[in-house]
Structure formats: C-alpha cells, structure tokens
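Asks: My file is structure16.pdb. It has PDB, C-alpha atoms:
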ATOM      1  CA  SER A   1      42.541  15.192   3.389
ATOM      2  CA  SER A   2      45.917  16.714   4.329
ATOM      3  CA  LEU A   3      47.250  16.231   7.841
ATOM      4  CA  GLY A   4      47.711  19.374   9.882
ATOM      5  CA  ILE A   5      50.660  19.373  12.311
ATOM      6  CA  LEU A   6      51.104  21.751  15.233
ATOM      7  CA  VAL A   7      53.547  21.716  18.124
ATOM      8  CA  TYR A   8      52.912  23.566  21.374
ATOM      9  CA  LYS A   9      54.983  24.093  24.468
ATOM     10  CA  ALA A  10      53.348  22.656  27.550
ATOM     11  CA  SER A  11      53.006  26.200  28.811
ATOM     12  CA  GLY A  12      50.797  27.055  25.817
ATOM     13  CA  PRO A  13      52.607  28.856  22.917
ATOM     14  CA  CYS A  14      52.581  27.350  19.435
ATOM     15  CA  ILE A  15      56.069  26.866  18.045
ATOM     16  CA  LEU A  16      55.345  24.997  14.794
ATOM     17  CA  ALA A  17      52.455  24.839  12.314
ATOM     18  CA  ASN A  18      52.418  23.452   8.787
ATOM     19  CA  LEU A  19      50.406  24.793   5.842
ATOM     20  CA  ALA A  20      47.743  22.074   6.107
ATOM     21  CA  ALA A  21      47.044  23.022   9.737
ATOM     22  CA  GLY A  22      46.353  26.589   8.608
ATOM     23  CA  GLU A  23      44.118  25.492   5.724
ATOM     24  CA  ILE A  24      42.006  23.371   8.053
ATOM     25  CA  VAL A  25      41.170  26.255  10.395
ATOM     26  CA  GLY A  26      41.170  28.958   7.701
ATOM     27  CA  ALA A  27      44.375  30.864   8.506
ATOM     28  CA  LEU A  28      48.020  31.172   7.487
ATOM     29  CA  PRO A  29      50.520  29.176   9.607
ATOM     30  CA  ALA A  30      52.010  32.444  10.845
ATOM     31  CA  ARG A  31      48.725  33.312  12.546
ATOM     32  CA  LEU A  32      48.730  29.952  14.313
ATOM     33  CA  LEU A  33      52.220  30.628  15.689
ATOM     34  CA  GLU A  34      50.771  33.621  17.549
ATOM     35  CA  GLN A  35      48.362  31.430  19.514
ATOM     36  CA  ASP A  36      48.551  30.036  23.040
ATOM     37  CA  PHE A  37      46.417  26.883  23.175
ATOM     38  CA  ARG A  38      45.500  27.559  26.800
ATOM     39  CA  LYS A  39      43.852  30.825  25.732
ATOM     40  CA  ILE A  40      41.992  29.685  22.595
ATOM     41  CA  LYS A  41      38.274  30.140  23.356
ATOM     42  CA  SER A  42      37.116  27.670  20.721
ATOM     43  CA  TRP A  43      39.204  24.954  22.385
ATOM     44  CA  VAL A  44      37.316  25.514  25.624
ATOM     45  CA  SER A  45      33.854  25.201  24.055
ATOM     46  CA  SER A  46      34.784  22.163  21.951
ATOM     47  CA  GLY A  47      36.546  20.241  24.750
ATOM     48  CA  LEU A  48      39.948  20.328  23.050
ATOM     49  CA  LEU A  49      41.546  22.190  25.946
ATOM     50  CA  ASP A  50      40.482  19.479  28.390
ATOM     51  CA  ALA A  51      41.924  16.824  26.055
ATOM     52  CA  ALA A  52      45.250  18.728  25.779
ATOM     53  CA  ILE A  53      45.571  19.162  29.541
ATOM     54  CA  GLU A  54      44.684  15.493  30.139
ATOM     55  CA  CYS A  55      47.293  14.425  27.570
ATOM     56  CA  LEU A  56      50.014  16.486  29.276
ATOM     57  CA  GLY A  57      48.949  15.334  32.742
ATOM     58  CA  THR A  58      48.752  11.601  32.038
ATOM     59  CA  GLY A  59      51.439  11.369  29.376
ATOM     60  CA  GLU A  60      48.955   9.385  27.229
ATOM     61  CA  PRO A  61      47.775  10.319  23.726
ATOM     62  CA  GLN A  62      44.235  11.704  23.524
ATOM     63  CA  LYS A  63      41.998  11.577  20.466
ATOM     64  CA  ARG A  64      38.956  13.740  19.862
ATOM     65  CA  ASP A  65      36.547  14.141  16.945
ATOM     66  CA  VAL A  66      34.792  17.467  17.460
ATOM     67  CA  HIS A  67      32.497  19.949  15.749
ATOM     68  CA  HIS A  68      34.680  22.989  15.959
ATOM     69  CA  VAL A  69      34.388  26.672  15.074
ATOM     70  CA  SER A  70      37.944  27.925  14.773
ATOM     71  CA  THR A  71      39.184  31.279  16.047
ATOM     72  CA  PHE A  72      39.223  32.353  12.418
ATOM     73  CA  GLY A  73      35.525  31.616  11.898
ATOM     74  CA  ARG A  74      35.657  28.345   9.964
ATOM     75  CA  GLU A  75      33.080  25.772  11.082
ATOM     76  CA  ILE A  76      34.432  22.246  10.658
ATOM     77  CA  TRP A  77      34.433  18.728  11.929
ATOM     78  CA  VAL A  78      38.031  17.936  12.860
ATOM     79  CA  GLU A  79      39.777  14.796  14.078
ATOM     80  CA  CYS A  80      42.466  15.730  16.624
ATOM     81  CA  LEU A  81      45.211  13.576  18.081
ATOM     82  CA  PHE A  82      47.226  14.942  21.027
ATOM     83  CA  VAL A  83      50.607  13.292  21.703
ATOM     84  CA  PRO A  84      52.931  14.457  24.528
ATOM     85  CA  PHE A  85      56.701  14.375  24.112
ATOM     86  CA  TRP A  86      59.828  15.777  25.763
ATOM     87  CA  ASN A  87      62.569  17.785  24.057
ATOM     88  CA  LYS A  88      65.659  19.104  25.822
ATOM     89  CA  GLY A  89      64.021  18.643  29.171
ATOM     90  CA  ASP A  90      60.844  20.512  28.247
ATOM     91  CA  GLN A  91      57.440  18.924  27.750
ATOM     92  CA  HIS A  92      55.722  19.610  24.451
ATOM     93  CA  LEU A  93      52.405  18.776  22.840
ATOM     94  CA  LEU A  94      52.100  17.471  19.291
ATOM     95  CA  LEU A  95      48.702  17.969  17.685
ATOM     96  CA  THR A  96      47.727  16.419  14.376
ATOM     97  CA  THR A  97      44.467  17.513  12.788
ATOM     98  CA  ARG A  98      42.382  16.179   9.890
ATOM     99  CA  ASP A  99      39.320  17.846   8.396
ATOM    100  CA  THR A 100      36.488  15.248   8.510
ATOM    101  CA  SER A 101      33.659  17.624   7.524
ATOM    102  CA  GLU A 102      32.858  15.839   4.230
ATOM    103  CA  GLU A 103      32.929  12.455   5.954
ATOM    104  CA  LYS A 104      30.528  13.743   8.597
ATOM    105  CA  LYS A 105      28.191  15.130   5.942
ATOM    106  CA  THR A 106      28.189  11.749   4.227
ATOM    107  CA  GLU A 107      27.558   9.960   7.525
ATOM    108  CA  GLN A 108      24.720  12.332   8.372
ATOM    109  CA  ALA A 109      23.215  11.843   4.899
ATOM    110  CA  ILE A 110      23.393   8.064   5.382
ATOM    111  CA  VAL A 111      21.757   8.343   8.800
ATOM    112  CA  ARG A 112      18.985  10.555   7.397
ATOM    113  CA  ALA A 113      18.435   8.163   4.498
ATOM    114  CA  ARG A 114      18.313   5.208   6.896
ATOM    115  CA  ASP A 115      15.873   6.997   9.196
ATOM    116  CA  GLU A 116      13.666   7.952   6.238
ATOM    117  CA  ALA A 117      13.778   4.371   4.949
ATOM    118  CA  GLU A 118      12.854   3.013   8.381
ATOM    119  CA  ASP A 119      10.016   5.533   8.656
ATOM    120  CA  LEU A 120       8.776   4.598   5.180
ATOM    121  CA  ASN A 121       9.020   0.922   6.078
ATOM    122  CA  ARG A 122       6.971   1.495   9.244
ATOM    123  CA  ARG A 123       4.330   3.379   7.254
ATOM    124  CA  LEU A 124       4.245   0.625   4.621
ATOM    125  CA  GLU A 125       3.841  -2.035   7.307
ATOM    126  CA  LYS A 126       1.006  -0.032   8.849
ATOM    127  CA  ALA A 127      -0.640   0.398   5.434
ATOM    128  CA  ILE A 128      -0.322  -3.345   4.772
ATOM    129  CA  ASP A 129      -1.820  -4.139   8.192
ATOM    130  CA  ASN A 130      -4.713  -1.751   7.482
ATOM    131  CA  ALA A 131      -5.222  -3.266   4.035
ATOM    132  CA  ASN A 132      -5.213  -6.792   5.485
ATOM    133  CA  THR A 133      -7.706  -5.739   8.146
ATOM    134  CA  MET A 134      -9.969  -4.137   5.542
ATOM    135  CA  ALA A 135      -9.678  -7.232   3.331
ATOM    136  CA  LEU A 136     -10.675  -9.485   6.229
ATOM    137  CA  LYS A 137     -13.640  -7.239   7.035
ATOM    138  CA  ALA A 138     -14.688  -7.188   3.382
ATOM    139  CA  GLU A 139     -14.409 -10.963   3.178
ATOM    140  CA  ALA A 140     -16.476 -11.370   6.340
ATOM    141  CA  ALA A 141     -19.094  -8.976   4.961
ATOM    142  CA  SER A 142     -19.190 -10.890   1.668
ATOM    143  CA  ILE A 143     -19.654 -14.195   3.476
ATOM    144  CA  ALA A 144     -22.426 -12.709   5.616
ATOM    145  CA  LYS A 145     -24.124 -11.257   2.528
ATOM    146  CA  SER A 146     -23.895 -14.556   0.645
ATOM    147  CA  ALA A 147     -25.371 -16.405   3.617
ATOM    148  CA  PHE A 148     -28.192 -13.871   3.869
ATOM    149  CA  LEU A 149     -28.986 -14.099   0.151
ATOM    150  CA  ALA A 150     -28.936 -17.890   0.245
ATOM    151  CA  ASN A 151     -31.338 -17.953   3.206
ATOM    152  CA  MET A 152     -33.580 -15.307   1.674
ATOM    153  CA  SER A 153     -33.764 -17.084  -1.685
ATOM    154  CA  HIS A 154     -34.564 -20.360   0.051
ATOM    155  CA  GLU A 155     -37.416 -18.730   1.970
ATOM    156  CA  ILE A 156     -38.851 -17.287  -1.261
ATOM    157  CA  ARG A 157     -38.240 -20.259  -3.526
ATOM    158  CA  THR A 158     -39.998 -22.759  -1.263
ATOM    159  CA  PRO A 159     -43.492 -21.147  -1.451
ATOM    160  CA  MET A 160     -42.870 -20.100  -5.074
ATOM    161  CA  ASN A 161     -42.184 -23.674  -6.116
ATOM    162  CA  THR A 162     -45.379 -24.700  -4.340
ATOM    163  CA  ILE A 163     -47.368 -22.079  -6.288
ATOM    164  CA  LEU A 164     -45.792 -23.210  -9.555
ATOM    165  CA  GLY A 165     -46.414 -26.870  -8.796
ATOM    166  CA  PHE A 166     -50.120 -26.384  -8.086
ATOM    167  CA  SER A 167     -50.470 -24.010 -11.052
ATOM    168  CA  GLU A 168     -49.012 -26.611 -13.392
ATOM    169  CA  LEU A 169     -51.350 -29.266 -11.961
ATOM    170  CA  LEU A 170     -54.307 -26.922 -12.346
ATOM    171  CA  GLU A 171     -53.302 -26.112 -15.933
ATOM    172  CA  LYS A 172     -53.674 -29.781 -16.828
ATOM    173  CA  GLU A 173     -57.181 -29.899 -15.309
ATOM    174  CA  VAL A 174     -58.523 -26.690 -16.837
ATOM    175  CA  ALA A 175     -60.133 -27.027 -20.263
ATOM    176  CA  ASP A 176     -61.160 -23.414 -20.920
ATOM    177  CA  PRO A 177     -58.536 -21.873 -23.311
ATOM    178  CA  ARG A 178     -58.799 -18.439 -21.709
ATOM    179  CA  HIS A 179     -58.261 -19.793 -18.179
ATOM    180  CA  LYS A 180     -55.499 -22.021 -19.464
ATOM    181  CA  LYS A 181     -53.761 -18.968 -20.903
ATOM    182  CA  TYR A 182     -54.065 -17.132 -17.588
ATOM    183  CA  LEU A 183     -52.503 -20.082 -15.778
ATOM    184  CA  GLY A 184     -49.739 -20.155 -18.341
ATOM    185  CA  THR A 185     -49.001 -16.514 -17.547
ATOM    186  CA  VAL A 186     -48.969 -17.280 -13.809
ATOM    187  CA  ILE A 187     -46.527 -20.127 -14.383
ATOM    188  CA  SER A 188     -44.287 -18.037 -16.637
ATOM    189  CA  SER A 189     -44.312 -15.155 -14.160
ATOM    190  CA  GLY A 190     -43.475 -17.515 -11.327
ATOM    191  CA  ARG A 191     -40.580 -18.921 -13.303
ATOM    192  CA  ALA A 192     -39.431 -15.380 -14.054
ATOM    193  CA  LEU A 193     -39.504 -14.553 -10.343
ATOM    194  CA  LEU A 194     -37.443 -17.635  -9.593
ATOM    195  CA  SER A 195     -35.068 -16.518 -12.319
ATOM    196  CA  LEU A 196     -34.715 -13.099 -10.667
ATOM    197  CA  ILE A 197     -33.942 -14.809  -7.392
ATOM    198  CA  GLU A 198     -31.259 -16.810  -9.163
ATOM    199  CA  ASP A 199     -29.922 -13.516 -10.593
ATOM    200  CA  VAL A 200     -29.415 -12.175  -7.088
ATOM    201  CA  LEU A 201     -27.623 -15.351  -6.066
ATOM    202  CA  ASP A 202     -25.505 -15.241  -9.208
ATOM    203  CA  PHE A 203     -24.236 -11.756  -8.376
ATOM    204  CA  SER A 204     -23.207 -13.087  -4.994
ATOM    205  CA  LYS A 205     -21.492 -16.076  -6.606
ATOM    206  CA  ILE A 206     -19.664 -13.844  -9.092
ATOM    207  CA  GLU A 207     -18.322 -11.673  -6.249
ATOM    208  CA  ALA A 208     -17.175 -14.807  -4.438
ATOM    209  CA  GLY A 209     -15.586 -16.215  -7.620
ATOM    210  CA  LYS A 210     -17.854 -19.276  -7.508
ATOM    211  CA  MET A 211     -19.925 -18.717 -10.644
ATOM    212  CA  THR A 212     -20.316 -21.969 -12.631
ATOM    213  CA  LEU A 213     -22.213 -23.013 -15.765
ATOM    214  CA  SER A 214     -24.307 -26.181 -16.150
ATOM    215  CA  PRO A 215     -24.618 -26.904 -19.889
ATOM    216  CA  GLU A 216     -27.281 -29.377 -21.067
ATOM    217  CA  ALA A 217     -29.267 -30.148 -24.224
ATOM    218  CA  VAL A 218     -31.886 -27.400 -24.468
ATOM    219  CA  SER A 219     -34.400 -26.243 -27.049
ATOM    220  CA  LEU A 220     -33.402 -22.620 -27.551
ATOM    221  CA  ALA A 221     -36.571 -21.974 -29.572
ATOM    222  CA  ALA A 222     -38.733 -23.198 -26.666
ATOM    223  CA  VAL A 223     -36.850 -20.959 -24.221
ATOM    224  CA  ALA A 224     -37.369 -17.951 -26.518
ATOM    225  CA  ARG A 225     -41.096 -18.700 -26.840
ATOM    226  CA  ASP A 226     -41.430 -18.966 -23.025
ATOM    227  CA  VAL A 227     -39.766 -15.569 -22.609
ATOM    228  CA  GLY A 228     -42.137 -14.080 -25.201
ATOM    229  CA  MET A 229     -45.168 -15.450 -23.329
ATOM    230  CA  LEU A 230     -43.825 -13.975 -20.106
ATOM    231  CA  PHE A 231     -43.853 -10.443 -21.551
ATOM    232  CA  GLU A 232     -46.953 -10.839 -23.753
ATOM    233  CA  SER A 233     -49.244  -8.919 -21.395
ATOM    234  CA  LYS A 234     -46.814  -6.017 -20.934
ATOM    235  CA  ILE A 235     -46.178  -5.822 -24.673
ATOM    236  CA  GLN A 236     -49.906  -5.605 -25.420
ATOM    237  CA  ASN A 237     -50.499  -2.989 -22.714
ATOM    238  CA  LYS A 238     -47.794  -0.779 -24.242
ATOM    239  CA  GLY A 239     -49.185  -1.188 -27.753
ATOM    240  CA  LEU A 240     -46.038  -2.937 -28.932
ATOM    241  CA  GLN A 241     -45.718  -5.924 -31.243
ATOM    242  CA  TRP A 242     -43.804  -9.073 -30.433
ATOM    243  CA  SER A 243     -42.313 -11.117 -33.248
ATOM    244  CA  LEU A 244     -40.193 -14.246 -32.825
ATOM    245  CA  ALA A 245     -38.281 -15.571 -35.833
ATOM    246  CA  ILE A 246     -36.468 -18.896 -35.459
ATOM    247  CA  ASP A 247     -33.653 -19.542 -37.918
ATOM    248  CA  PRO A 248     -34.380 -22.871 -39.705
ATOM    249  CA  ALA A 249     -30.695 -23.731 -39.384
ATOM    250  CA  LEU A 250     -30.947 -23.647 -35.586
ATOM    251  CA  PRO A 251     -30.572 -27.213 -34.206
ATOM    252  CA  ALA A 252     -33.518 -28.594 -32.239
ATOM    253  CA  LEU A 253     -31.262 -28.942 -29.207
ATOM    254  CA  VAL A 254     -28.139 -26.994 -28.300
ATOM    255  CA  MET A 255     -25.738 -27.401 -25.360
ATOM    256  CA  LEU A 256     -26.098 -24.426 -23.037
ATOM    257  CA  ASP A 257     -27.001 -23.424 -19.493
ATOM    258  CA  GLU A 258     -30.766 -22.988 -19.794
ATOM    259  CA  LEU A 259     -31.117 -20.911 -16.637
ATOM    260  CA  ARG A 260     -28.372 -18.475 -17.662
ATOM    261  CA  MET A 261     -29.708 -18.189 -21.231
ATOM    262  CA  ARG A 262     -33.218 -17.568 -19.916
ATOM    263  CA  GLN A 263     -31.828 -14.846 -17.641
ATOM    264  CA  VAL A 264     -30.050 -13.174 -20.569
ATOM    265  CA  LEU A 265     -33.162 -13.217 -22.774
ATOM    266  CA  ILE A 266     -35.399 -11.948 -19.975
ATOM    267  CA  ASN A 267     -33.011  -9.054 -19.347
ATOM    268  CA  LEU A 268     -32.794  -8.187 -23.062
ATOM    269  CA  VAL A 269     -36.554  -8.384 -23.705
ATOM    270  CA  GLY A 270     -37.388  -6.695 -20.396
ATOM    271  CA  ASN A 271     -35.104  -3.736 -21.185
ATOM    272  CA  SER A 272     -36.595  -3.479 -24.675
ATOM    273  CA  VAL A 273     -40.151  -3.441 -23.333
ATOM    274  CA  LYS A 274     -39.207  -0.751 -20.803
TER     275      LYS A 274
END
Using structure tokens, write down the structure that the file contains.
Replies:
Amino acid sequence: SSLGILVYKASGPCILANLAAGEIVGALPARLLEQDFRKIKSWVSSGLLDAAIECLGTGEPQKRDVHHVSTFGREIWVECLFVPFWNKGDQHLLLTTRDTSEEKKTEQAIVRARDEAEDLNRRLEKAIDNANTMALKAEAASIAKSAFLANMSHEIRTPMNTILGFSELLEKEVADPRHKKYLGTVISSGRALLSLIEDVLDFSKIEAGKMTLSPEAVSLAAVARDVGMLFESKIQNKGLQWSLAIDPALPALVMLDELRMRQVLINLVGNSVK
C-alpha cells in the first residue's frame, strides 16, 4: 500500500500531508492540514497521541500498529512511525502511515482457520479415544461371551455324549426293530443337539475371526440319510413326504467338513419342515 507522509510542528499543527495520507484516513490532504495532532480525539483513544508525545520527549522514533477510527469516519488498521527532527531551530514530528487493514484481515482469517483446525483436531482425537475405548469394551465383551459359550457347551456336551454313548451301546443289544428304531431316533436327536451346540460356538468363532474347516473323506449320502432320519417323526406328524434321491455320479466319499455339512443340511431340512 502507499505510504502516507505527514509533518507536524511540535506544538501540534500539521504543515504537510501527501495524497496517500489523505486516502488512508478518508480525507483530502487539505483537510489534514487543518488538524492539530494534540487535539485529534481519535489519536487519544488509539494511543497515537501518547506515542507522539513520547517521541518528541525522548527524541526516539516510536512505532505503533493500531486499530484506528479516523476523524473522518474510516475504520482501519494503520501502521504508524513517529520520527522527531529539528528544522531551523524548531522541533517537528514526521509521521509515516501505512494501511494494514487487508493484512490484518488475512492474519485474523489465518488465526481463525488455525483455531478451527485445532478445535477439529481435538474433537477428532476425542472421537478416536472414544472409538478405541468402545472397541476395547466390545473386544472384552466378545471374549467374555466366547468364554461363556465354551463353558456352557462343555457342560451340555459332557452329559449329552454320555447319553449318546449308552444309547449306541443299547442299540447294539436291542433286537426288537421298533425299539431299535426308537433308539436310532434318540441317537440322531442327540447328535442334532450336539450340532446345535456347535452352531452356537461357530457363531462365536465367526465373530472372533477364528472359524476353520476340517475336511475329511465323508459319505455325503450317509450324512443325508442321517438328517432324513432325524426329521422323520416331524415329517410324518405334519403329513409331509420325505424323499431322498442320490445322484449315481456322486462319489462314495467326498472331501468336506462333515460337521459343517450336517449343520447346513439340518438347517435346510428344518426350515423346509417348518
């Protein structure tokens, strides 16, 4: 911006003012020549009068950067430099002025942007801390749930395996076809219950990302027949008909996870029967 130049007598009157000085405060230079700096009210409120008097008293230049409302009503930020000098035995005061309003606006915008960025950063850090805390709580809850399910399934599987074991032994001893069929249903139902227990554990393993498959040589036809026997009673009670067709091209043994396949077939047939 242009540099405004004003010269005052030490007693107060302005004796020189260039065009730039007038543009800065919003007046023609002629109006500035009518002023006495010791009587300018805006200089009092902005501290410029104190700087001028100090400059004259100490003989040292004084610099001020002030938010100033001029006598002519223009609100500006202005950089002022007071320099004392002597001419023909009289003390004078040289004042240079520079309008820094745009610079101040830019500085204020930068400060606001920085403050907003810092505030956003604080909020992000808080959100991350909250998310980490929630993740830790969720992980702890998942671990506790998995431990509970493992303990529960163990408590159920132990007596269930005992029931199945004795049922299988009894099936070998029983000769009556009708009783043998009943025992077969008990065994199939027990295996189905164990399968349901494994389902519950599998959900827990899936959530924990620990689900694994154990493929082995299995007779898929035998698994399908077992599932059919499991639902035979329910199918008859609902007046439905069960039909199992084995494709001749199906190998006697296929590599698959028998437990998982049994679970899939039980779910499919069970939903169909429902």
Asks: Please write as number ranges by chain the full residue list that the PyMOL selection byres ((chain A and resi 94-108) around 7) yields on this file.
Replies: A: 1-8, 21, 24, 76-84, 92-93, 109-112
Asks: Restricting the calculation to all atoms listed in the file, which member of A:Arg64, A:Ser45, A:Glu34, A:Ala222 is positioned closest to Val254 in chain A?
Replies: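 When distances to Val254 in chain A are compared using all atoms listed in the file, the smallest one comes from A:Ala222.
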Asks: To one decimal place in Å, what is the distance between CA of Asp65 in chain A and CA of Leu28 in chain A?
Replies: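 Spanning CA of Asp65 in chain A to CA of Leu28 in chain A is a straight-line distance of 22.6 Å.
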Asks: With the file shown as input, list the residues that the PyMOL selection byres ((chain A and resi 11) around 12) selects, as an NGL selection string.
Replies: :A and (7-10 or 12-15 or 35-39 or 52-53 or 56 or 90-93)
Asks: Could you work out how far CA of Leu16 in chain A lies from CA of Leu32 in chain A, giving the answer in Å with one decimal?
Replies: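 Atom-to-atom, CA of Leu32 in chain A to CA of Leu16 in chain A, that is 8.3 Å.
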Asks: Please work out which residues fall within 10 Å of (-40.7, -7.9, -24.8), coordinates as given in the file, with all atoms listed in the file counting, and return them as a PyMOL selection string.
Replies: chain A and resi 227-236+240-243+265-274
Asks: Which residues are near Arg31 in chain A? Cut-off 10 Å, all atoms listed in the file, ignore same chain within fewer than 5 positions. Put them as a VMD selection string.
Replies: chain A and resid 14 17 22 26 72
Asks: What does the structure give for the distance between CA of Leu48 in chain A and CA of Ser70 in chain A, in Å to one decimal?
Replies: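 It comes out at 11.4 Å.
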Asks: If you apply the PyMOL selection byres ((chain A and resi 153-167) around 12) to this file, what residues do you get, as a count of residues only?
Replies: 39
Asks: Between A:Phe85, A:Leu124, A:Ala175, A:Ala217, which is the closest to Gly57 in chain A once you count only C-alpha atoms?
Replies: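 Counting only C-alpha atoms, the residue closest to Gly57 in chain A is A:Phe85.
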